[in-house]
$ cat query.cif   # mmCIF, C-alpha atoms, pLDDT in the B column; chains and numbers go by the auth columns
data_input
#
loop_
_atom_site.group_PDB
_atom_site.id
_atom_site.type_symbol
_atom_site.label_atom_id
_atom_site.label_comp_id
_atom_site.label_asym_id
_atom_site.label_seq_id
_atom_site.Cartn_x
_atom_site.Cartn_y
_atom_site.Cartn_z
_atom_site.B_iso_or_equiv
_atom_site.auth_seq_id
_atom_site.auth_asym_id
ATOM 1 C CA MET A 1 111.992 100.869 94.917 94.00 1 U
ATOM 2 C CA ARG A 2 113.560 100.034 98.272 96.00 2 U
ATOM 3 C CA PHE A 3 112.033 98.932 101.567 98.00 3 U
ATOM 4 C CA SER A 4 113.223 98.212 105.090 98.00 4 U
ATOM 5 C CA SER A 5 111.518 96.819 108.172 98.00 5 U
ATOM 6 C CA LEU A 6 111.890 98.904 111.329 98.00 6 U
ATOM 7 C CA GLY A 7 109.894 96.415 113.386 97.00 7 U
ATOM 8 C CA SER A 8 107.757 93.319 112.874 97.00 8 U
ATOM 9 C CA GLY A 9 105.644 91.208 115.198 94.00 9 U
ATOM 10 C CA SER A 10 103.565 91.709 118.312 92.00 10 U
ATOM 11 C CA ARG A 11 106.118 94.146 119.779 93.00 11 U
ATOM 12 C CA GLY A 12 105.540 96.623 116.982 97.00 12 U
ATOM 13 C CA ASN A 13 105.384 96.923 113.205 98.00 13 U
ATOM 14 C CA ALA A 14 106.803 99.598 110.916 98.00 14 U
ATOM 15 C CA LEU A 15 107.998 99.349 107.314 99.00 15 U
ATOM 16 C CA ILE A 16 109.557 102.129 105.262 98.00 16 U
ATOM 17 C CA VAL A 17 109.228 102.165 101.473 98.00 17 U
ATOM 18 C CA GLU A 18 111.136 104.472 99.114 98.00 18 U
ATOM 19 C CA SER A 19 111.116 105.231 95.422 96.00 19 U
ATOM 20 C CA ALA A 20 112.634 108.228 93.624 94.00 20 U
ATOM 21 C CA GLY A 21 113.185 110.069 96.895 95.00 21 U
ATOM 22 C CA ILE A 22 109.618 109.552 98.147 97.00 22 U
ATOM 23 C CA TYR A 23 109.425 107.859 101.560 98.00 23 U
ATOM 24 C CA ILE A 24 106.269 106.399 103.084 99.00 24 U
ATOM 25 C CA LEU A 25 105.743 104.452 106.294 99.00 25 U
ATOM 26 C CA ILE A 26 103.483 101.419 106.528 99.00 26 U
ATOM 27 C CA ASP A 27 102.224 101.199 110.126 99.00 27 U
ATOM 28 C CA CYS A 28 103.699 102.863 113.186 98.00 28 U
ATOM 29 C CA GLY A 29 103.362 100.303 115.957 98.00 29 U
ATOM 30 C CA ILE A 30 106.525 101.471 117.718 98.00 30 U
ATOM 31 C CA THR A 31 107.156 104.561 119.811 97.00 31 U
ATOM 32 C CA LEU A 32 108.252 107.785 118.165 97.00 32 U
ATOM 33 C CA ARG A 33 111.595 107.415 119.925 97.00 33 U
ATOM 34 C CA ASN A 34 112.174 103.934 118.499 97.00 34 U
ATOM 35 C CA LEU A 35 110.957 105.023 115.072 98.00 35 U
ATOM 36 C CA THR A 36 113.391 107.932 115.080 98.00 36 U
ATOM 37 C CA ALA A 37 116.229 105.596 116.075 98.00 37 U
ATOM 38 C CA GLY A 38 115.302 103.116 113.343 98.00 38 U
ATOM 39 C CA LEU A 39 115.172 105.832 110.714 98.00 39 U
ATOM 40 C CA ALA A 40 118.540 107.159 111.882 98.00 40 U
ATOM 41 C CA ARG A 41 120.115 103.795 111.076 97.00 41 U
ATOM 42 C CA LEU A 42 119.009 104.461 107.495 97.00 42 U
ATOM 43 C CA ASP A 43 120.329 108.051 107.628 98.00 43 U
ATOM 44 C CA LEU A 44 116.766 109.379 107.716 98.00 44 U
ATOM 45 C CA VAL A 45 114.655 111.497 110.062 98.00 45 U
ATOM 46 C CA PRO A 46 110.853 111.521 110.508 97.00 46 U
ATOM 47 C CA GLY A 47 110.675 114.722 108.481 96.00 47 U
ATOM 48 C CA ASP A 48 111.839 112.769 105.428 98.00 48 U
ATOM 49 C CA LEU A 49 108.541 110.868 105.374 98.00 49 U
ATOM 50 C CA GLN A 50 105.831 112.013 102.984 98.00 50 U
ATOM 51 C CA ALA A 51 102.975 109.937 104.438 98.00 51 U
ATOM 52 C CA VAL A 52 101.990 107.164 106.842 98.00 52 U
ATOM 53 C CA PHE A 53 99.612 104.327 105.945 99.00 53 U
ATOM 54 C CA ILE A 54 97.949 102.280 108.703 99.00 54 U
ATOM 55 C CA THR A 55 96.646 98.744 108.185 98.00 55 U
ATOM 56 C CA HIS A 56 94.401 98.501 111.285 98.00 56 U
ATOM 57 C CA GLU A 57 93.927 99.712 114.839 98.00 57 U
ATOM 58 C CA HIS A 58 95.742 97.036 116.881 98.00 58 U
ATOM 59 C CA GLY A 59 98.401 98.581 119.099 96.00 59 U
ATOM 60 C CA ASP A 60 101.346 96.833 117.475 97.00 60 U
ATOM 61 C CA HIS A 61 100.483 98.680 114.255 98.00 61 U
ATOM 62 C CA ILE A 62 99.326 102.080 115.478 98.00 62 U
ATOM 63 C CA LYS A 63 100.991 102.783 118.836 97.00 63 U
ATOM 64 C CA GLY A 64 103.160 105.700 117.727 97.00 64 U
ATOM 65 C CA VAL A 65 101.127 107.233 114.926 98.00 65 U
ATOM 66 C CA LYS A 66 99.404 109.997 116.904 97.00 66 U
ATOM 67 C CA ALA A 67 102.679 111.303 118.317 97.00 67 U
ATOM 68 C CA LEU A 68 104.336 111.075 114.905 97.00 68 U
ATOM 69 C CA ALA A 69 101.515 112.870 113.105 96.00 69 U
ATOM 70 C CA ARG A 70 101.195 115.631 115.687 94.00 70 U
ATOM 71 C CA LYS A 71 104.892 116.367 116.031 96.00 71 U
ATOM 72 C CA HIS A 72 105.798 116.218 112.354 95.00 72 U
ATOM 73 C CA LEU A 73 102.428 117.158 110.786 94.00 73 U
ATOM 74 C CA LEU A 74 102.494 114.107 108.531 96.00 74 U
ATOM 75 C CA PRO A 75 99.450 112.996 106.532 97.00 75 U
ATOM 76 C CA VAL A 76 98.068 109.674 107.751 98.00 76 U
ATOM 77 C CA TYR A 77 95.949 107.348 105.611 98.00 77 U
ATOM 78 C CA MET A 78 93.633 104.704 107.090 98.00 78 U
ATOM 79 C CA THR A 79 90.165 103.253 106.649 98.00 79 U
ATOM 80 C CA HIS A 80 87.126 104.803 108.330 97.00 80 U
ATOM 81 C CA GLY A 81 86.741 101.835 110.667 98.00 81 U
ATOM 82 C CA THR A 82 90.374 102.023 111.751 98.00 82 U
ATOM 83 C CA ALA A 83 90.158 105.772 112.335 98.00 83 U
ATOM 84 C CA VAL A 84 87.020 105.530 114.478 97.00 84 U
ATOM 85 C CA LYS A 85 88.154 102.504 116.489 97.00 85 U
ATOM 86 C CA SER A 86 91.582 104.003 117.235 97.00 86 U
ATOM 87 C CA GLY A 87 90.391 107.547 117.906 95.00 87 U
ATOM 88 C CA CYS A 88 92.566 108.834 115.080 96.00 88 U
ATOM 89 C CA ASP A 89 89.528 110.373 113.396 92.00 89 U
ATOM 90 C CA GLU A 90 90.225 113.409 115.600 90.00 90 U
ATOM 91 C CA LEU A 91 93.601 113.988 113.923 91.00 91 U
ATOM 92 C CA PRO A 92 93.355 116.714 111.273 90.00 92 U
ATOM 93 C CA GLN A 93 96.013 114.953 109.189 92.00 93 U
ATOM 94 C CA VAL A 94 93.952 111.776 108.697 97.00 94 U
ATOM 95 C CA THR A 95 92.659 110.960 105.214 97.00 95 U
ATOM 96 C CA LEU A 96 90.170 108.107 104.913 97.00 96 U
ATOM 97 C CA ILE A 97 90.799 105.405 102.324 98.00 97 U
ATOM 98 C CA ASP A 98 89.129 102.238 101.083 94.00 98 U
ATOM 99 C CA SER A 99 89.895 99.456 98.658 92.00 99 U
ATOM 100 C CA SER A 100 88.037 101.081 95.770 92.00 100 U
ATOM 101 C CA SER A 101 90.942 103.286 94.753 95.00 101 U
ATOM 102 C CA ALA A 102 94.684 103.712 95.130 98.00 102 U
ATOM 103 C CA VAL A 103 96.463 106.656 96.747 98.00 103 U
ATOM 104 C CA ASN A 104 99.255 108.295 94.766 97.00 104 U
ATOM 105 C CA ILE A 105 102.234 109.780 96.599 97.00 105 U
ATOM 106 C CA GLY A 106 104.830 110.947 94.108 94.00 106 U
ATOM 107 C CA SER A 107 105.991 107.961 92.068 91.00 107 U
ATOM 108 C CA LEU A 108 104.274 105.513 94.448 97.00 108 U
ATOM 109 C CA SER A 109 100.755 104.147 94.062 98.00 109 U
ATOM 110 C CA ILE A 110 99.410 102.544 97.247 99.00 110 U
ATOM 111 C CA GLN A 111 96.449 100.197 96.804 98.00 111 U
ATOM 112 C CA PRO A 112 94.543 99.099 99.939 98.00 112 U
ATOM 113 C CA VAL A 113 93.470 95.438 99.969 98.00 113 U
ATOM 114 C CA VAL A 114 90.697 94.136 102.237 98.00 114 U
ATOM 115 C CA VAL A 115 91.808 91.169 104.374 98.00 115 U
ATOM 116 C CA PRO A 116 90.115 88.889 106.945 98.00 116 U
ATOM 117 C CA HIS A 117 91.373 89.930 110.394 98.00 117 U
ATOM 118 C CA ASP A 118 89.684 90.621 113.724 97.00 118 U
ATOM 119 C CA ALA A 119 89.804 94.396 113.475 98.00 119 U
ATOM 120 C CA ARG A 120 87.218 97.060 112.598 96.00 120 U
ATOM 121 C CA GLU A 121 88.108 97.625 108.918 97.00 121 U
ATOM 122 C CA PRO A 122 91.552 96.124 108.265 98.00 122 U
ATOM 123 C CA CYS A 123 93.472 96.321 105.041 98.00 123 U
ATOM 124 C CA GLN A 124 96.914 95.571 103.683 98.00 124 U
ATOM 125 C CA PHE A 125 98.723 97.241 100.809 99.00 125 U
ATOM 126 C CA VAL A 126 100.172 96.639 97.359 99.00 126 U
ATOM 127 C CA ILE A 127 102.600 99.401 96.450 99.00 127 U
ATOM 128 C CA THR A 128 103.548 100.092 92.846 98.00 128 U
ATOM 129 C CA ALA A 129 106.495 102.242 91.817 97.00 129 U
ATOM 130 C CA THR A 130 107.126 103.486 88.312 87.00 130 U
ATOM 131 C CA VAL A 131 110.855 103.076 87.774 78.00 131 U
ATOM 132 C CA SER A 132 112.406 105.332 85.164 72.00 132 U
ATOM 133 C CA GLY A 133 114.278 103.749 82.283 63.00 133 U
ATOM 134 C CA ASP A 134 117.123 105.130 80.236 62.00 134 U
ATOM 135 C CA LYS A 135 115.905 105.977 76.757 59.00 135 U
ATOM 136 C CA VAL A 136 115.053 103.208 74.279 62.00 136 U
ATOM 137 C CA ASP A 137 116.875 100.215 75.731 66.00 137 U
ATOM 138 C CA HIS A 138 115.281 100.494 79.183 67.00 138 U
ATOM 139 C CA PRO A 139 111.807 102.073 79.069 69.00 139 U
ATOM 140 C CA PRO A 140 109.940 102.974 82.291 73.00 140 U
ATOM 141 C CA ARG A 141 108.634 99.933 84.144 84.00 141 U
ATOM 142 C CA GLU A 142 106.603 99.140 87.231 92.00 142 U
ATOM 143 C CA LYS A 143 107.762 97.337 90.368 95.00 143 U
ATOM 144 C CA ARG A 144 105.242 95.981 92.868 98.00 144 U
ATOM 145 C CA LEU A 145 105.707 95.367 96.583 98.00 145 U
ATOM 146 C CA GLY A 146 103.063 93.387 98.444 98.00 146 U
ATOM 147 C CA VAL A 147 102.736 93.955 102.197 99.00 147 U
ATOM 148 C CA LEU A 148 100.578 91.191 103.658 98.00 148 U
ATOM 149 C CA THR A 149 100.477 90.545 107.403 96.00 149 U
ATOM 150 C CA ASP A 150 97.696 90.154 109.956 97.00 150 U
ATOM 151 C CA LEU A 151 95.176 87.951 108.202 98.00 151 U
ATOM 152 C CA GLY A 152 93.770 84.642 109.341 97.00 152 U
ATOM 153 C CA SER A 153 93.056 83.248 105.885 98.00 153 U
ATOM 154 C CA TYR A 154 93.385 84.244 102.265 97.00 154 U
ATOM 155 C CA THR A 155 90.610 84.733 99.756 96.00 155 U
ATOM 156 C CA PRO A 156 90.513 84.706 95.942 97.00 156 U
ATOM 157 C CA HIS A 157 90.507 88.506 96.179 96.00 157 U
ATOM 158 C CA VAL A 158 93.779 88.455 98.137 98.00 158 U
ATOM 159 C CA ILE A 159 95.363 86.018 95.685 97.00 159 U
ATOM 160 C CA ASP A 160 94.381 88.219 92.772 97.00 160 U
ATOM 161 C CA ALA A 161 95.596 91.428 94.425 97.00 161 U
ATOM 162 C CA TYR A 162 99.039 90.062 95.267 98.00 162 U
ATOM 163 C CA ASN A 163 99.714 88.170 92.078 94.00 163 U
ATOM 164 C CA SER A 164 102.605 89.517 89.997 92.00 164 U
ATOM 165 C CA CYS A 165 104.401 91.204 92.901 97.00 165 U
ATOM 166 C CA ASP A 166 108.152 91.582 92.506 97.00 166 U
ATOM 167 C CA ALA A 167 108.655 91.510 96.278 98.00 167 U
ATOM 168 C CA MET A 168 106.523 90.485 99.243 98.00 168 U
ATOM 169 C CA VAL A 169 106.538 91.055 102.973 99.00 169 U
ATOM 170 C CA LEU A 170 104.463 88.061 104.061 99.00 170 U
ATOM 171 C CA GLU A 171 103.167 86.942 107.432 98.00 171 U
ATOM 172 C CA CYS A 172 104.440 83.560 108.620 98.00 172 U
ATOM 173 C CA ASN A 173 103.190 83.903 112.172 98.00 173 U
ATOM 174 C CA HIS A 174 103.273 80.478 113.739 98.00 174 U
ATOM 175 C CA ASP A 175 103.858 76.766 113.526 98.00 175 U
ATOM 176 C CA VAL A 176 100.486 75.179 114.292 98.00 176 U
ATOM 177 C CA SER A 177 101.901 72.334 116.408 98.00 177 U
ATOM 178 C CA MET A 178 104.007 74.718 118.490 98.00 178 U
ATOM 179 C CA LEU A 179 101.032 77.011 119.030 98.00 179 U
ATOM 180 C CA GLU A 180 98.711 74.176 120.049 97.00 180 U
ATOM 181 C CA ALA A 181 101.277 72.778 122.508 97.00 181 U
ATOM 182 C CA GLY A 182 102.357 76.180 123.818 96.00 182 U
ATOM 183 C CA SER A 183 101.449 78.264 126.844 96.00 183 U
ATOM 184 C CA TYR A 184 98.900 80.599 125.242 96.00 184 U
ATOM 185 C CA PRO A 185 95.411 80.514 126.817 97.00 185 U
ATOM 186 C CA TYR A 186 92.922 78.438 124.850 97.00 186 U
ATOM 187 C CA SER A 187 90.961 81.519 123.758 98.00 187 U
ATOM 188 C CA LEU A 188 94.089 83.169 122.345 97.00 188 U
ATOM 189 C CA LYS A 189 95.081 79.989 120.526 98.00 189 U
ATOM 190 C CA GLN A 190 91.653 79.868 118.906 98.00 190 U
ATOM 191 C CA ARG A 191 91.905 83.522 117.905 97.00 191 U
ATOM 192 C CA VAL A 192 95.318 83.098 116.274 97.00 192 U
ATOM 193 C CA LEU A 193 94.297 79.873 114.520 98.00 193 U
ATOM 194 C CA GLY A 194 90.960 81.228 113.308 98.00 194 U
ATOM 195 C CA ASP A 195 90.073 82.584 109.886 97.00 195 U
ATOM 196 C CA TRP A 196 90.323 86.127 111.300 98.00 196 U
ATOM 197 C CA GLY A 197 93.621 85.624 113.125 97.00 197 U
ATOM 198 C CA HIS A 198 97.106 85.127 111.709 98.00 198 U
ATOM 199 C CA LEU A 199 98.613 83.074 108.884 98.00 199 U
ATOM 200 C CA SER A 200 100.527 79.954 109.859 98.00 200 U
ATOM 201 C CA ASN A 201 103.726 78.915 108.096 98.00 201 U
ATOM 202 C CA HIS A 202 101.752 76.288 106.194 98.00 202 U
ATOM 203 C CA GLN A 203 99.099 78.771 105.081 98.00 203 U
ATOM 204 C CA ALA A 204 101.758 81.211 103.897 98.00 204 U
ATOM 205 C CA GLY A 205 103.409 78.469 101.870 97.00 205 U
ATOM 206 C CA ASN A 206 100.096 77.515 100.301 98.00 206 U
ATOM 207 C CA LEU A 207 99.414 81.136 99.419 98.00 207 U
ATOM 208 C CA LEU A 208 102.790 81.450 97.711 97.00 208 U
ATOM 209 C CA SER A 209 101.996 78.403 95.582 96.00 209 U
ATOM 210 C CA HIS A 210 99.341 80.493 93.806 96.00 210 U
ATOM 211 C CA PHE A 211 101.885 83.044 92.606 94.00 211 U
ATOM 212 C CA ASP A 212 104.383 83.189 89.754 88.00 212 U
ATOM 213 C CA HIS A 213 107.662 82.160 91.400 86.00 213 U
ATOM 214 C CA GLU A 214 109.691 83.612 88.553 88.00 214 U
ATOM 215 C CA LYS A 215 108.121 87.020 89.196 91.00 215 U
ATOM 216 C CA ILE A 216 108.809 87.216 92.938 94.00 216 U
ATOM 217 C CA GLN A 217 112.441 88.220 93.395 94.00 217 U
ATOM 218 C CA TRP A 218 112.407 89.033 97.114 96.00 218 U
ATOM 219 C CA LEU A 219 110.435 87.470 99.971 97.00 219 U
ATOM 220 C CA VAL A 220 110.600 88.816 103.523 98.00 220 U
ATOM 221 C CA VAL A 221 109.006 86.684 106.238 98.00 221 U
ATOM 222 C CA ALA A 222 107.166 88.903 108.725 98.00 222 U
ATOM 223 C CA HIS A 223 105.092 89.019 111.938 97.00 223 U
ATOM 224 C CA ILE A 224 106.851 85.918 113.292 97.00 224 U
ATOM 225 C CA SER A 225 105.669 84.756 116.716 97.00 225 U
ATOM 226 C CA GLN A 226 108.489 84.729 119.254 94.00 226 U
ATOM 227 C CA GLN A 227 106.917 81.822 121.136 95.00 227 U
ATOM 228 C CA ASN A 228 105.309 79.728 118.429 97.00 228 U
ATOM 229 C CA ASN A 229 107.750 79.674 115.536 95.00 229 U
#
$ encode --input "query.cif" --output "structure tokens"
Amino acid sequence: MRFSSLGSGSRGNALIVESAGIYILIDCGITLRNLTAGLARLDLVPGDLQAVFITHEHGDHIKGVKALARKHLLPVYMTHGTAVKSGCDELPQVTLIDSSSAVNIGSLSIQPVVVPHDAREPCQFVITATVSGDKVDHPPREKRLGVLTDLGSYTPHVIDAYNSCDAMVLECNHDVSMLEAGSYPYSLKQRVLGDWGHLSNHQAGNLLSHFDHEKIQWLVVAHISQQNN
């Protein structure tokens, strides 16, 4: 399994994941033009994608998905709440998902995970790839990637879902002191700091303390505030 961030933060989020020649996109919060340019740096084109998965309806996660789906006829997976709130329920390529079951795309299994965030029906994803072995010495094995951004707090359910990941893309949005002393309006500060906002650096560190550090081989810090971190 391989993954690469094409954008992260309030200016737009997009993450590509690949295993055994299957490419999926997690979020499309950048324009189709910028997505195409980002894919080109990886020697890919939008037509190489097999599916798009959307976490929630905020613009920095969904901005380019309608144009992408319409131009390239890609299947798009999102929750019912996200589809209705964003107007994507009118797209014929949309398939509704929930946390009760995973979606299988080739060798990838994509499990939605419910998270606390101020959106209609937000989720994040744990992606499992079955990696082929070579005969007896190296049997097939699973690798797990946890994508976890845009949540204001973590629950026992979140801890359980993301335990035993081999790699994580984890929100470390802000330093609390910088945010409190910064120029954001009071209402926005309260939103970001709230249980339905965004994880602080300290919260992200506490969350990681619940996991097996020997299991996690790669950690990518994501959704970093440009002003408050």
$ closest_atom_pairs --input "query.cif" --of "segment 115-226 of chain U" --to "segment 19-25 of chain U" --cutoff "12 Å" --atoms "only C-alpha atoms" --output "CSV"
residue,atom,partner,partner_atom,distance
U:Phe125,CA,U:Leu25,CA,11.5
U:Ile127,CA,U:Ile24,CA,10.3
U:Thr128,CA,U:Ser19,CA,9.5
U:Ala129,CA,U:Ser19,CA,6.6
U:Thr130,CA,U:Ser19,CA,8.3
U:Val131,CA,U:Ser19,CA,8.0
U:Ser132,CA,U:Ala20,CA,8.9
U:Glu142,CA,U:Ser19,CA,11.2
U:Lys143,CA,U:Ser19,CA,10.0
U:Arg144,CA,U:Ser19,CA,11.3
U:Leu145,CA,U:Ser19,CA,11.3
U:Val147,CA,U:Leu25,CA,11.7
$ resolve_selection --input "query.cif" --expression "the PyMOL selection byres ((chain U and resi 8-11) around 6)" --output "PyMOL selection string"
chain U and resi 7+12-13+60+223-224
$ closest_residue --input "query.cif" --among "U:Leu208, U:Leu151, U:Leu32, U:Val76" --to "Asp89 of chain U" --atoms "all atoms listed in the file"
U:Val76
$ residues_around --input "query.cif" --residues "Ile105 of chain U" --least-positions-apart "4" --cutoff "8 Å" --atoms "all atoms listed in the file" --output "number ranges by chain"
U: 22, 50-51, 109-110
$ closest_residue --input "query.cif" --among "U:Leu96, U:Ile30, U:Val169, U:Met178" --to "Gln227 of chain U" --atoms "all atoms listed in the file"
U:Met178
$ closest_residue --input "query.cif" --among "U:Val176, U:Val192, U:Ala119, U:Leu148" --to "Val220 of chain U" --atoms "only C-alpha atoms"
U:Leu148
$ atom_distance --input "query.cif" --atom1 "atom CA of Ile97 of chain U" --atom2 "atom CA of Val115 of chain U"
14.4 Å
$ closest_residue --input "query.cif" --among "U:Glu18, U:Glu171, U:Asp195, U:Glu180" --to "Ser225 of chain U" --atoms "all atoms listed in the file"
U:Glu171
$ resolve_selection --input "query.cif" --expression "the PyMOL selection byres ((chain U and resi 99) around 6)" --output "list in words"
Asp98, Ser100, Ser101, Pro112 and Val113 of chain U
$ closest_residue --input "query.cif" --among "U:Gln203, U:Thr79, U:Thr55, U:Ser183" --to "Asp150 of chain U" --atoms "only C-alpha atoms"
U:Thr55
$ atom_distance --input "query.cif" --atom1 "atom CA of Ala102 of chain U" --atom2 "atom CA of Val126 of chain U"
9.2 Å
$ atom_distance --input "query.cif" --atom1 "atom CA of Leu188 of chain U" --atom2 "atom CA of Ser153 of chain U"
16.5 Å
$ closest_residue --input "query.cif" --among "U:Leu108, U:Cys88, U:Leu49, U:Cys28" --to "Gly64 of chain U" --atoms "all atoms listed in the file"
U:Cys28
$ residues_around --input "query.cif" --residues "Pro92 of chain U" --least-positions-apart "4" --cutoff "10 Å" --atoms "only C-alpha atoms" --output "list in words"
Ala69, Arg70, Leu73, Leu74, Pro75, Val76 and Cys88 of chain U
